[in-house]
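S.K.: Pasting work-v1.cif below, which is mmCIF, C-alpha atoms.
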```cif
data_protein
#
loop_
_atom_site.label_atom_id
_atom_site.label_comp_id
_atom_site.auth_asym_id
_atom_site.auth_seq_id
_atom_site.Cartn_x
_atom_site.Cartn_y
_atom_site.Cartn_z
CA MET A 1154 26.49 4.56 53.92
CA ASN A 1155 24.22 2.67 51.51
CA ILE A 1156 21.73 4.42 49.25
CA LYS A 1157 18.68 3.67 51.42
CA ASN A 1158 20.27 5.13 54.54
CA PHE A 1159 21.43 8.08 52.46
CA ALA A 1160 17.88 8.77 51.32
CA LYS A 1161 16.45 8.50 54.82
CA LYS A 1162 19.10 10.19 56.95
CA VAL A 1163 21.44 12.33 54.90
CA LEU A 1164 19.14 14.36 52.68
CA ARG A 1165 18.18 16.92 55.29
CA PRO A 1166 19.93 20.06 54.03
CA ARG A 1167 19.30 23.44 55.57
CA PRO A 1168 16.90 25.55 53.44
CA SER A 1169 19.46 28.35 53.32
CA GLU A 1170 21.98 26.22 51.42
CA PHE A 1171 22.29 26.95 47.70
CA ILE A 1172 23.49 23.40 47.10
CA SER A 1173 23.27 20.53 49.57
CA THR A 1174 26.76 19.56 50.70
CA GLN A 1175 25.46 16.16 51.79
CA THR A 1176 24.05 15.49 48.33
CA ASP A 1177 27.27 16.59 46.69
CA ASN A 1178 29.44 14.40 48.91
CA PHE A 1179 27.30 11.34 48.26
CA LEU A 1180 27.19 11.83 44.49
CA ARG A 1181 30.97 12.00 44.29
CA LYS A 1182 31.17 8.46 45.64
CA LEU A 1183 29.14 7.07 42.73
CA LYS A 1184 31.18 5.01 40.28
CA PRO A 1185 30.34 3.44 36.90
CA ARG A 1186 29.03 -0.10 37.23
CA PRO A 1187 31.18 -2.60 35.26
CA PHE A 1188 28.19 -4.53 33.87
CA SER A 1189 26.70 -1.34 32.43
CA VAL A 1190 29.93 0.06 30.99
CA ASP A 1191 30.91 -3.27 29.43
CA TYR A 1192 27.46 -3.64 27.87
CA ILE A 1193 27.39 -0.13 26.35
CA ASN A 1194 30.98 -0.55 25.18
CA ASN A 1195 30.10 -3.76 23.35
CA VAL A 1196 27.12 -2.08 21.68
CA PHE A 1197 29.43 0.62 20.41
CA LYS A 1198 32.24 -1.68 19.24
CA ASN A 1199 30.02 -4.25 17.56
CA ASN A 1200 27.29 -2.04 16.08
CA VAL A 1201 28.46 1.56 15.82
CA LYS A 1202 32.19 1.57 15.23
CA PRO A 1203 32.04 -0.19 11.81
CA HIS A 1204 30.06 2.79 10.46
CA ILE A 1205 32.43 5.53 11.65
CA THR A 1206 34.57 7.36 9.08
CA ASP A 1207 36.42 10.67 9.04
CA ASN A 1208 33.34 12.29 7.51
CA THR A 1209 30.68 10.92 9.85
CA MET A 1210 29.56 12.42 13.16
CA THR A 1211 28.77 10.09 16.05
CA ILE A 1212 26.79 11.37 19.04
CA SER A 1213 26.06 9.71 22.38
CA VAL A 1214 22.52 10.66 23.47
CA LEU A 1215 20.65 10.38 26.75
CA THR A 1216 17.33 11.97 27.53
CA ASP A 1217 15.00 12.27 30.52
CA THR A 1218 17.26 10.82 33.21
CA HIS A 1219 14.93 12.41 35.84
CA ALA A 1220 17.55 12.11 38.57
CA LYS A 1221 16.26 12.17 42.13
CA ALA A 1222 18.17 11.82 45.38
CA ILE A 1223 16.20 8.81 46.57
CA ALA A 1224 16.55 5.04 46.49
CA SER A 1225 14.09 3.40 44.11
CA ALA A 1226 14.11 0.04 42.39
CA SER A 1227 10.99 0.72 40.33
CA TYR A 1228 11.00 4.37 39.29
CA TYR A 1229 13.02 7.59 39.15
CA GLY A 1230 15.98 7.75 41.49
CA ILE A 1231 19.71 8.17 41.76
CA ASN A 1232 20.13 5.76 38.82
CA GLY A 1233 19.53 8.73 36.51
CA VAL A 1234 22.90 10.13 37.59
CA ARG A 1235 24.51 6.70 37.24
CA HIS A 1236 23.42 6.52 33.61
CA ILE A 1237 25.15 9.83 32.89
CA ILE A 1238 28.35 8.63 34.57
CA GLU A 1239 28.31 5.33 32.70
CA SER A 1240 27.44 6.79 29.32
CA ASN A 1241 30.23 9.35 29.60
CA ALA A 1242 32.71 6.68 30.70
CA VAL A 1243 32.06 4.83 27.44
CA SER A 1244 32.31 8.06 25.44
CA ASP A 1245 35.77 8.63 26.91
CA GLU A 1246 36.91 5.18 25.84
CA THR A 1247 35.45 5.31 22.34
CA GLY A 1248 36.14 8.87 21.20
CA ILE A 1249 32.57 10.01 20.55
CA ASP A 1250 32.32 13.33 18.64
CA LEU A 1251 29.68 14.80 20.95
CA ASN A 1252 27.79 13.95 24.15
CA VAL A 1253 24.18 15.19 24.25
CA HIS A 1254 21.58 15.19 26.98
CA LEU A 1255 18.13 16.11 25.64
CA GLY A 1256 16.75 17.49 28.89
CA ASP A 1257 14.91 16.58 32.07
CA MET A 1258 18.27 15.80 33.58
CA ILE A 1259 16.54 16.01 36.97
CA ASP A 1260 12.99 15.22 38.00
CA GLY A 1261 12.63 18.66 39.58
CA SER A 1262 10.74 17.33 42.60
CA ASP A 1263 13.49 17.51 45.22
CA LYS A 1264 14.22 20.41 47.51
CA PRO A 1265 15.91 23.16 45.49
CA GLU A 1266 19.31 22.75 47.13
CA ILE A 1267 19.23 19.04 46.27
CA SER A 1268 18.12 19.63 42.67
CA ARG A 1269 20.88 22.19 42.22
CA GLY A 1270 23.37 19.67 43.55
CA LEU A 1271 22.18 17.03 41.09
CA LEU A 1272 22.48 19.48 38.20
CA ARG A 1273 25.93 20.66 39.21
CA PHE A 1274 27.27 17.14 39.64
CA ALA A 1275 25.91 15.98 36.28
CA VAL A 1276 27.37 19.00 34.48
CA GLU A 1277 30.76 18.43 36.11
CA ASN A 1278 30.68 14.84 34.86
CA TYR A 1279 30.13 16.11 31.32
CA GLN A 1280 32.87 18.70 31.79
CA ASN A 1281 35.33 16.04 32.93
CA SER A 1282 34.61 13.89 29.89
CA LYS A 1283 36.88 14.08 26.86
CA SER A 1284 34.20 14.88 24.28
CA PRO A 1285 32.40 18.22 23.92
CA PHE A 1286 28.84 18.16 25.21
CA PHE A 1287 25.52 19.93 25.01
CA ILE A 1288 22.77 19.71 27.62
CA VAL A 1289 19.33 20.85 26.46
CA GLU A 1290 16.89 22.29 28.99
CA GLY A 1291 13.87 20.12 29.75
CA ASN A 1292 10.52 21.08 31.25
CA HIS A 1293 11.46 19.49 34.61
CA ASP A 1294 14.82 21.23 34.97
CA GLU A 1295 13.51 24.42 36.63
CA ASN A 1296 12.27 22.43 39.67
CA ASP A 1297 8.62 23.40 39.18
CA LYS A 1298 7.43 19.89 40.10
CA TYR A 1299 8.60 20.61 43.66
CA ASP A 1300 6.68 23.90 43.71
CA GLU A 1301 3.59 22.31 42.21
CA HIS A 1302 3.42 19.41 44.68
CA ARG A 1303 4.05 21.51 47.76
CA PHE A 1304 1.94 24.52 46.85
CA VAL A 1305 4.81 26.79 47.89
CA SER A 1306 4.25 30.53 47.74
CA SER A 1307 7.56 31.32 46.04
CA ALA A 1308 9.58 29.80 43.20
CA SER A 1309 12.17 27.30 44.47
CA PHE A 1310 14.58 28.09 41.59
CA ARG A 1311 15.69 31.65 41.01
CA ARG A 1312 15.72 33.27 37.60
CA ASP A 1313 19.33 32.40 36.74
CA ASP A 1314 19.79 29.13 38.65
CA TYR A 1315 19.54 26.80 35.66
CA ASP A 1316 21.55 29.06 33.37
CA SER A 1317 24.38 29.43 35.87
CA LEU A 1318 24.45 25.70 36.69
CA VAL A 1319 24.02 24.28 33.18
CA THR A 1320 23.63 26.58 30.17
CA SER A 1321 26.71 28.69 30.88
CA PHE A 1322 28.85 25.54 30.75
CA ASP A 1323 27.32 24.41 27.44
CA PHE A 1324 28.69 27.53 25.84
CA ASP A 1325 31.95 27.65 27.77
CA GLN A 1326 33.39 25.28 25.15
CA SER A 1327 35.21 26.36 22.02
CA GLN A 1328 33.42 23.69 19.94
CA ILE A 1329 29.92 24.94 20.84
CA PHE A 1330 28.70 28.13 19.17
CA ARG A 1331 25.95 30.68 19.68
CA LEU A 1332 25.22 34.10 18.21
CA ASN A 1333 25.58 36.15 21.39
CA PRO A 1334 25.95 35.72 25.18
CA VAL A 1335 22.19 35.38 25.76
CA SER A 1336 21.08 33.34 22.75
CA LYS A 1337 19.36 30.03 23.52
CA VAL A 1338 20.26 28.55 20.11
CA GLY A 1339 23.51 26.59 19.98
CA TRP A 1340 25.25 24.59 17.29
CA PHE A 1341 28.11 22.14 16.71
CA ASP A 1342 29.86 21.48 13.39
CA LYS A 1343 31.89 18.65 11.96
CA GLY A 1344 32.72 18.82 8.29
CA ASP A 1345 29.51 18.97 6.26
CA ILE A 1346 27.28 18.28 9.29
CA ARG A 1347 25.72 20.87 11.58
CA VAL A 1348 23.75 19.99 14.72
CA ILE A 1349 21.55 22.81 16.07
CA PHE A 1350 20.12 22.84 19.60
CA LEU A 1351 16.83 24.50 20.51
CA ASN A 1352 15.24 25.20 23.91
CA THR A 1353 11.61 24.06 23.91
CA SER A 1354 11.29 25.36 27.50
CA ASP A 1355 11.89 28.94 26.40
CA ILE A 1356 9.39 30.28 28.92
CA PRO A 1357 9.65 33.76 30.51
CA TYR A 1358 10.48 33.79 34.21
CA ILE A 1359 7.79 36.14 35.52
CA LEU A 1360 6.78 36.27 39.18
CA ASN A 1361 3.37 37.23 40.51
CA ASN A 1362 3.57 37.69 44.28
CA GLY A 1363 6.57 35.36 44.37
CA SER A 1364 5.01 32.57 42.29
CA LYS A 1365 5.76 31.92 38.64
CA LYS A 1366 3.29 33.14 36.04
CA TYR A 1367 4.16 30.06 33.95
CA ASP A 1368 4.72 26.54 35.27
CA PHE A 1369 7.80 25.41 33.29
CA LYS A 1370 6.84 21.76 33.76
CA LYS A 1371 3.45 22.21 32.10
CA VAL A 1372 4.24 24.87 29.49
CA ARG A 1373 6.51 24.31 26.50
CA GLY A 1374 7.25 26.84 23.84
CA VAL A 1375 9.70 29.07 22.00
CA ARG A 1376 9.67 32.86 21.90
CA GLU A 1377 10.34 35.32 19.13
CA GLN A 1378 13.97 35.98 20.10
CA GLN A 1379 14.90 32.30 19.86
CA LEU A 1380 13.13 32.01 16.50
CA GLU A 1381 14.96 35.11 15.27
CA ASP A 1382 18.27 33.55 16.34
CA LEU A 1383 17.34 30.28 14.63
CA ILE A 1384 16.61 32.20 11.42
CA THR A 1385 20.01 33.92 11.61
CA VAL A 1386 21.84 30.63 12.17
CA LEU A 1387 19.99 28.98 9.28
CA GLU A 1388 20.58 31.94 6.96
CA ASN A 1389 24.31 31.44 7.56
CA THR A 1390 24.25 27.67 7.18
CA VAL A 1391 25.68 26.92 3.73
CA ASP A 1392 26.08 23.47 2.19
CA LYS A 1393 25.40 21.56 5.43
CA HIS A 1394 23.41 18.51 6.44
CA VAL A 1395 21.43 19.88 9.38
CA VAL A 1396 20.08 17.89 12.32
CA VAL A 1397 18.16 19.76 15.05
CA MET A 1398 17.78 18.59 18.64
CA GLY A 1399 15.51 19.75 21.46
CA HIS A 1400 13.77 18.37 24.51
CA ALA A 1401 10.13 18.19 23.42
CA ASN A 1402 8.51 17.20 20.15
CA ILE A 1403 7.60 20.33 18.18
CA ILE A 1404 4.78 18.96 16.00
CA SER A 1405 2.47 15.96 15.87
CA PRO A 1406 2.38 13.48 12.95
CA SER A 1407 -0.50 15.54 11.53
CA GLY A 1408 1.65 18.67 11.52
CA ARG A 1409 -0.07 20.45 14.42
CA SER A 1410 2.03 22.17 17.06
CA ALA A 1411 3.00 19.82 19.88
CA LEU A 1412 4.26 22.73 22.00
CA ASN A 1413 1.96 25.10 23.83
CA PHE A 1414 3.49 27.91 21.81
CA ASN A 1415 5.03 28.06 18.34
CA GLY A 1416 6.16 24.49 17.64
CA ASP A 1417 4.47 24.76 14.24
CA LEU A 1418 6.50 27.90 13.46
CA ILE A 1419 9.74 25.97 13.93
CA GLN A 1420 8.52 23.39 11.42
CA GLN A 1421 7.52 26.19 9.02
CA LEU A 1422 11.05 27.58 9.19
CA PHE A 1423 12.57 24.17 8.50
CA VAL A 1424 10.39 23.70 5.43
CA ALA A 1425 11.10 27.23 4.17
CA PHE A 1426 14.83 26.61 4.66
CA ASN A 1427 14.70 23.38 2.66
CA ASN A 1428 12.81 25.16 -0.13
CA LYS A 1429 15.29 28.11 -0.19
CA GLU A 1430 12.44 30.55 0.38
CA ARG A 1431 12.31 34.11 1.63
CA GLY A 1432 9.28 35.30 3.49
CA GLN A 1433 7.64 35.87 6.85
CA VAL A 1434 6.76 33.74 9.86
CA LYS A 1435 4.15 35.01 12.30
CA ASN A 1436 1.31 34.06 14.58
CA GLU A 1437 -1.79 35.83 15.87
CA LEU A 1438 -0.55 36.11 19.44
CA THR A 1439 0.59 39.19 21.30
CA GLY A 1440 2.63 39.47 24.47
CA ASP A 1441 5.09 36.81 25.66
CA PHE A 1442 4.76 34.47 22.69
CA GLY A 1443 3.88 36.76 19.79
CA VAL A 1444 6.00 36.28 16.63
CA ASN A 1445 6.45 38.36 13.49
CA LEU A 1446 9.76 37.79 11.67
CA ARG A 1447 11.26 37.89 8.19
CA TYR A 1448 13.67 35.30 6.75
CA ASN A 1449 15.75 34.78 3.60
CA PHE A 1450 17.06 31.26 2.97
CA SER A 1451 17.88 31.80 -0.71
CA SER A 1452 21.69 31.65 -0.29
CA THR A 1453 22.18 28.47 1.74
CA GLY A 1454 23.45 26.22 -1.06
CA ILE A 1455 22.50 22.57 -0.75
CA SER A 1456 21.81 22.82 2.98
CA LYS A 1457 18.80 20.93 4.27
CA VAL A 1458 17.19 20.31 7.67
CA THR A 1459 16.56 16.58 7.54
CA THR A 1460 15.83 15.55 11.12
CA TYR A 1461 14.51 16.75 14.46
CA ILE A 1462 15.42 14.55 17.48
CA CYS A 1463 13.89 14.90 20.95
CA GLY A 1464 12.85 13.07 24.10
CA HIS A 1465 10.15 14.15 26.59
CA MET A 1466 7.44 11.61 25.75
CA HIS A 1467 9.00 8.58 27.49
CA TYR A 1468 8.54 6.34 24.48
CA GLU A 1469 9.91 5.94 20.97
CA LYS A 1470 8.20 7.17 17.84
CA TYR A 1471 9.25 8.10 14.31
CA TYR A 1472 7.28 10.06 11.70
CA LYS A 1473 7.96 12.27 8.72
CA VAL A 1474 6.24 15.60 8.06
CA ALA A 1475 6.97 17.63 4.90
CA GLY A 1476 10.08 15.54 4.25
CA ILE A 1477 11.55 16.06 7.73
CA ASN A 1478 12.19 13.12 10.07
CA HIS A 1479 10.80 13.60 13.59
CA ILE A 1480 12.37 11.16 16.05
CA ILE A 1481 11.34 10.71 19.69
CA LEU A 1482 13.75 8.77 21.93
CA ASN A 1483 12.90 6.84 25.10
CA CYS A 1484 13.69 8.06 28.61
CA SER A 1485 16.87 6.96 30.34
CA ALA A 1486 15.11 7.13 33.72
CA LEU A 1487 13.98 3.82 35.14
CA MET A 1488 10.26 3.24 34.59
CA GLY A 1489 9.32 -0.03 36.28
CA LYS A 1490 6.53 -2.15 34.85
CA LYS A 1491 4.22 -1.82 37.85
CA HIS A 1492 4.57 1.91 38.49
CA GLY A 1493 1.41 3.92 37.83
CA LEU A 1494 3.08 6.62 35.70
CA THR A 1495 5.08 4.22 33.53
CA THR A 1496 4.22 4.47 29.83
CA ASP A 1497 2.95 1.42 27.97
CA TYR A 1498 6.13 1.50 25.88
CA ASN A 1499 8.30 1.07 28.97
CA LYS A 1500 6.00 -1.52 30.54
CA LYS A 1501 6.69 -3.73 27.53
CA TRP A 1502 10.41 -3.56 28.31
CA ASP A 1503 9.78 -4.72 31.89
CA ARG A 1504 12.59 -2.46 33.10
CA ARG A 1505 14.40 -3.57 36.26
CA TYR A 1506 16.98 -2.02 38.55
CA ASN A 1507 20.58 -3.27 38.12
CA GLU A 1508 19.71 -5.07 34.89
CA ILE A 1509 20.34 -4.04 31.29
CA SER A 1510 16.71 -2.96 30.97
CA GLU A 1511 17.31 -0.26 33.60
CA LEU A 1512 19.30 1.66 30.99
CA ALA A 1513 18.12 3.42 27.85
CA GLY A 1514 20.46 5.33 25.59
CA TYR A 1515 21.52 5.85 21.99
CA PHE A 1516 24.36 6.37 19.57
CA VAL A 1517 23.46 8.53 16.58
CA ASN A 1518 25.68 8.24 13.49
CA ILE A 1519 25.24 10.85 10.74
CA ASP A 1520 26.80 9.92 7.39
CA PRO A 1521 26.80 12.71 4.75
CA ASP A 1522 28.35 10.45 2.11
CA LYS A 1523 25.65 7.79 2.29
CA LEU A 1524 22.94 10.36 3.14
CA ARG A 1525 21.97 8.29 6.14
CA LEU A 1526 21.29 8.85 9.84
CA GLN A 1527 21.49 5.69 11.96
CA ILE A 1528 20.38 5.25 15.56
CA PHE A 1529 21.76 2.41 17.66
CA GLY A 1530 19.83 1.93 20.91
CA TYR A 1531 20.78 0.02 24.04
CA GLY A 1532 18.86 -1.09 27.11
CA ALA A 1533 15.16 -0.24 26.82
CA ALA A 1534 15.56 1.11 23.28
CA THR A 1535 15.17 -0.10 19.71
CA ARG A 1536 18.45 -1.66 18.64
CA TYR A 1537 18.64 -0.12 15.17
CA VAL A 1538 16.77 2.27 12.92
CA SER A 1539 17.95 4.16 9.84
CA PHE A 1540 16.72 7.33 8.12
CA GLU A 1541 17.49 9.03 4.82
CA ILE A 1542 18.92 12.53 5.10
#
```
Could you quickly redo this structure as C-alpha cells?

M.R.:
Amino acid sequence: MNIKNFAKKVLRPRPSEFISTQTDNFLRKLKPRPFSVDYINNVFKNNVKPHITDNTMTISVLTDTHAKAIASASYYGINGVRHIIESNAVSDETGIDLNVHLGDMIDGSDKPEISRGLLRFAVENYQNSKSPFFIVEGNHDENDKYDEHRFVSSASFRRDDYDSLVTSFDFDQSQIFRLNPVSKVGWFDKGDIRVIFLNTSDIPYILNNGSKKYDFKKVRGVREQQLEDLITVLENTVDKHVVVMGHANIISPSGRSALNFNGDLIQQLFVAFNNKERGQVKNELTGDFGVNLRYNFSSTGISKVTTYICGHMHYEKYYKVAGINHIILNCSALMGKKHGLTTDYNKKWDRRYNEISELAGYFVNIDPDKLRLQIFGYGAATRYVSFEI
C-alpha cells in the first residue's frame, strides 16, 4: 500500500487503542532511502571525520521532525520519521558518540493512538542504533495541538504517556545519567566534555474538568525542581567543558527570557557557574513556577558552560550573551516554500520532497584541545560554523 492510500484508508484506529496497530505496521515497512543515506554519509566522511580524535565528542543532531502519519510533499508528514531512520543509519556506519533529538519529534496533531505509535517507533529506532541517544521533550510532544484544534473536553495524552514512551528509555542506558528516577536533567560524558540536557517543556500536568490547565504547545518553562537538579549537577561538574542542550531557546539576544517561565534563571546559573560564584537564584513568582534556590559553584575547577544548543524556532541563529554561545538549529521537518506556516529561512532553501533540501540535520564536533565547537550542517542547513569554547 502506498503512502497516499495509507493516509486515506489505513489510519482509522479505534479510539480505545493505546497505540494504533495500523500505524505501527506501516512504520515498520519504512526503509532508509539510498540517496539520503549516501549524501549524509559523504558529509560525514568529507567534512566531519577529519576533525575526530580520541578526545573529541561528535554528536548527530536532529530537531523538530514534526512527524505526522499523512502524505505530504510540501509540509509535515511521514518524512519526519524517515529522517530519523536515515540519520541513525549513518550514525551506525560512522560510530557517532551520541545521537540527539532536540524535541518536537511529532507534530502532536494526530489522534493520540497515532501520535503514541509515532513516538514509540522513533524511540525503538534510536534504541536499535549502536550509539547512545538522548531525546529531549519538545512543546509539541504532548499532543496538545490535537486537543487545541478539536476543542476536545479531555486531554488526549495522559499524565505519563510521554515519559513511558520516551523519557524512560533515555535513562534506561548506562551512558546517560540523572540524579534520581524522576529528575528531568540528564547528562552524558566523554573525557573532559559534559553534555547536559534540559527540558524546556517542564510544565505541570494539571487537569481542570478533564482539560489541561496549561497548553504544553504554547507554554514553555522550567520549574524549581529542575533548576535545583541543574544546580546539583553543575556543582559536581569539575574540570569539564560543558555544552547544554534543550528544545527551546532560553533567552533572546538581548538577554531577556525566551521561555514563558524562568529561561533567564537558567542563563543566570550558567553565568554564575562560569564565574565560580555562590549565591541565590530566585524570581517573584509563587505557585507552579516560583523559584528560590541557593548555589555554590566555587569548587568546579576550570569547568565552564560555553554553549546552549536548541531547535524550536524553525530557523538558524547564533548569538552570544555574557560569553555563552546560543545556537538555534533548523527544523528537520519539511517546510515547503509555498506553505503558509513556512518560515522565511526555510523558504529561501526552497525545500522539496525526495530531494536533498527535504532534509536538515547536523553533526556537532566538540574539541577540548583546540577549544572549538564545530557544526556541520546538511540539507537545509548551514554547511559549517565554528565557535570558541

S.K.: Please enumerate the residues selected by the PyMOL selection byres ((chain A and resi 1462) around 7) when evaluated against the supplied file, formatted as an MDAnalysis selection string.

M.R.: chainID A and resid 1397:1399 1460:1461 1463 1479:1481

S.K.: Nearest to Arg1373 of chain A among A:Ile1249, A:Val1234, A:Val1396, A:Leu1351, with distances taken over only C-alpha atoms: which residue is it?

M.R.: A:Leu1351

S.K.: Of the residues A:Val1458, A:Leu1180, A:Leu1526, A:Ile1223, which is the one nearest to Gly1270 of chain A, using only C-alpha atoms?

M.R.: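 Once distances to Gly1270 of chain A are computed over only C-alpha atoms, the minimum belongs to A:Leu1180.
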
S.K.: Choose the residue, out of A:Ile1542, A:Val1196, A:Val1214, A:Val1335, that has the smallest atom-to-atom separation from Asp1313 of chain A; count all atoms listed in the file.

M.R.: A:Val1335

S.K.: Apply the PyMOL selection byres ((chain A and resi 1294) around 9) to the structure shown and report the selected residues as an mmCIF file with C-alpha atoms, in the coordinates of the input.

M.R.:
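The resulting file, selection39.cif, is reproduced below:
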```cif
data_model
loop_
_atom_site.group_PDB
_atom_site.id
_atom_site.type_symbol
_atom_site.label_atom_id
_atom_site.label_comp_id
_atom_site.auth_asym_id
_atom_site.auth_seq_id
_atom_site.Cartn_x
_atom_site.Cartn_y
_atom_site.Cartn_z
ATOM 1 C CA HIS A 1219 14.930 12.410 35.840
ATOM 2 C CA GLY A 1256 16.750 17.490 28.890
ATOM 3 C CA ASP A 1257 14.910 16.580 32.070
ATOM 4 C CA MET A 1258 18.270 15.800 33.580
ATOM 5 C CA ILE A 1259 16.540 16.010 36.970
ATOM 6 C CA ASP A 1260 12.990 15.220 38.000
ATOM 7 C CA GLY A 1261 12.630 18.660 39.580
ATOM 8 C CA SER A 1268 18.120 19.630 42.670
ATOM 9 C CA LEU A 1272 22.480 19.480 38.200
ATOM 10 C CA GLU A 1290 16.890 22.290 28.990
ATOM 11 C CA GLY A 1291 13.870 20.120 29.750
ATOM 12 C CA ASN A 1292 10.520 21.080 31.250
ATOM 13 C CA HIS A 1293 11.460 19.490 34.610
ATOM 14 C CA GLU A 1295 13.510 24.420 36.630
ATOM 15 C CA ASN A 1296 12.270 22.430 39.670
ATOM 16 C CA ASP A 1297 8.620 23.400 39.180
ATOM 17 C CA TYR A 1315 19.540 26.800 35.660
ATOM 18 C CA PHE A 1369 7.800 25.410 33.290
ATOM 19 C CA LYS A 1370 6.840 21.760 33.760
#
```

S.K.: List the neighbours of Val1538 of chain A out to 12 Å using only C-alpha atoms; skip same-chain residues closer than 2 positions along the sequence, and give me the result as a PyMOL selection string.

M.R.: chain A and resi 1200+1469-1471+1480+1482+1515-1518+1525-1530+1534-1536+1540-1541

S.K.: One decimal, in Å: what's the spacing between atom CA of Ser1407 of chain A and atom CA of Pro1357 of chain A?

M.R.: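 Computed distance, atom CA of Ser1407 of chain A to atom CA of Pro1357 of chain A, equals 28.2 Å.
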
S.K.: Just how far from atom CA of Gly1374 of chain A is atom CA of Asn1428 of chain A, in Å to one decimal?

M.R.: 24.7 Å

S.K.: Between A:Phe1322, A:Tyr1468, A:Phe1310, A:Phe1286, single out the one closest to Phe1341 of chain A, counting all atoms listed in the file.

M.R.: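 Ranked by minimum distance to Phe1341 of chain A, first place goes to A:Phe1286.
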
S.K.: Please define a box with edges along x, y and z of the file around all atoms of segment 1500-1511 of chain A given in the file, extend it by 4 Å on each side, and return its centre and edge lengths in Å to one decimal, as AutoDock Vina command-line options.

M.R.:
```
--center_x 13.3 --center_y -2.7 --center_z 33.0 --size_x 22.6 --size_y 12.8 --size_z 19.0
```

S.K.: Check the smallest atom-to-atom distance from each of A:Ser1284, A:Ser1213, A:Asn1478, A:Ser1189 to Glu1239 of chain A using only C-alpha atoms, then report the winner.

M.R.: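 Smallest separation from Glu1239 of chain A among the options: A:Ser1189.
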
S.K.: Since the input lacks atoms, please generate all heavy atoms for segment 1322-1327 of chain A and provide them as an mmCIF file, in the coordinates of the input.

M.R.:
```cif
data_model
loop_
_atom_site.group_PDB
_atom_site.id
_atom_site.type_symbol
_atom_site.label_atom_id
_atom_site.label_comp_id
_atom_site.auth_asym_id
_atom_site.auth_seq_id
_atom_site.Cartn_x
_atom_site.Cartn_y
_atom_site.Cartn_z
ATOM 1 N N PHE A 1322 27.778 26.504 31.017
ATOM 2 C CA PHE A 1322 28.850 25.540 30.750
ATOM 3 C C PHE A 1322 28.712 24.905 29.372
ATOM 4 O O PHE A 1322 29.706 24.469 28.789
ATOM 5 C CB PHE A 1322 28.876 24.481 31.848
ATOM 6 C CG PHE A 1322 29.225 25.049 33.199
ATOM 7 C CD1 PHE A 1322 28.239 25.276 34.141
ATOM 8 C CD2 PHE A 1322 30.530 25.395 33.496
ATOM 9 C CE1 PHE A 1322 28.554 25.807 35.386
ATOM 10 C CE2 PHE A 1322 30.859 25.925 34.730
ATOM 11 C CZ PHE A 1322 29.878 26.139 35.677
ATOM 12 N N ASP A 1323 27.478 24.816 28.844
ATOM 13 C CA ASP A 1323 27.320 24.410 27.440
ATOM 14 C C ASP A 1323 28.175 25.293 26.543
ATOM 15 O O ASP A 1323 28.906 24.802 25.667
ATOM 16 C CB ASP A 1323 25.852 24.551 26.997
ATOM 17 C CG ASP A 1323 24.966 23.404 27.439
ATOM 18 O OD1 ASP A 1323 25.489 22.326 27.759
ATOM 19 O OD2 ASP A 1323 23.733 23.588 27.455
ATOM 20 N N PHE A 1324 28.073 26.585 26.760
ATOM 21 C CA PHE A 1324 28.690 27.530 25.840
ATOM 22 C C PHE A 1324 30.094 27.953 26.260
ATOM 23 O O PHE A 1324 30.716 28.759 25.582
ATOM 24 C CB PHE A 1324 27.787 28.759 25.699
ATOM 25 C CG PHE A 1324 26.480 28.444 25.005
ATOM 26 C CD1 PHE A 1324 25.287 28.416 25.716
ATOM 27 C CD2 PHE A 1324 26.450 28.141 23.662
ATOM 28 C CE1 PHE A 1324 24.088 28.124 25.081
ATOM 29 C CE2 PHE A 1324 25.258 27.845 23.016
ATOM 30 C CZ PHE A 1324 24.072 27.829 23.726
ATOM 31 N N ASP A 1325 30.579 27.392 27.355
ATOM 32 C CA ASP A 1325 31.950 27.650 27.770
ATOM 33 C C ASP A 1325 32.895 26.628 27.147
ATOM 34 O O ASP A 1325 33.858 26.194 27.762
ATOM 35 C CB ASP A 1325 32.036 27.602 29.304
ATOM 36 C CG ASP A 1325 33.356 28.135 29.830
ATOM 37 O OD1 ASP A 1325 33.972 28.968 29.139
ATOM 38 O OD2 ASP A 1325 33.771 27.711 30.929
ATOM 39 N N GLN A 1326 32.587 26.245 25.909
ATOM 40 C CA GLN A 1326 33.390 25.280 25.150
ATOM 41 C C GLN A 1326 33.638 25.863 23.767
ATOM 42 O O GLN A 1326 32.713 26.356 23.122
ATOM 43 C CB GLN A 1326 32.655 23.947 25.007
ATOM 44 C CG GLN A 1326 32.239 23.284 26.305
ATOM 45 C CD GLN A 1326 31.386 22.061 26.045
ATOM 46 O OE1 GLN A 1326 31.891 20.962 25.833
ATOM 47 N NE2 GLN A 1326 30.071 22.238 26.050
ATOM 48 N N SER A 1327 34.852 25.754 23.309
ATOM 49 C CA SER A 1327 35.210 26.360 22.020
ATOM 50 C C SER A 1327 34.503 25.681 20.853
ATOM 51 O O SER A 1327 34.315 26.286 19.792
ATOM 52 C CB SER A 1327 36.728 26.283 21.813
ATOM 53 O OG SER A 1327 37.183 24.929 21.832
#
```
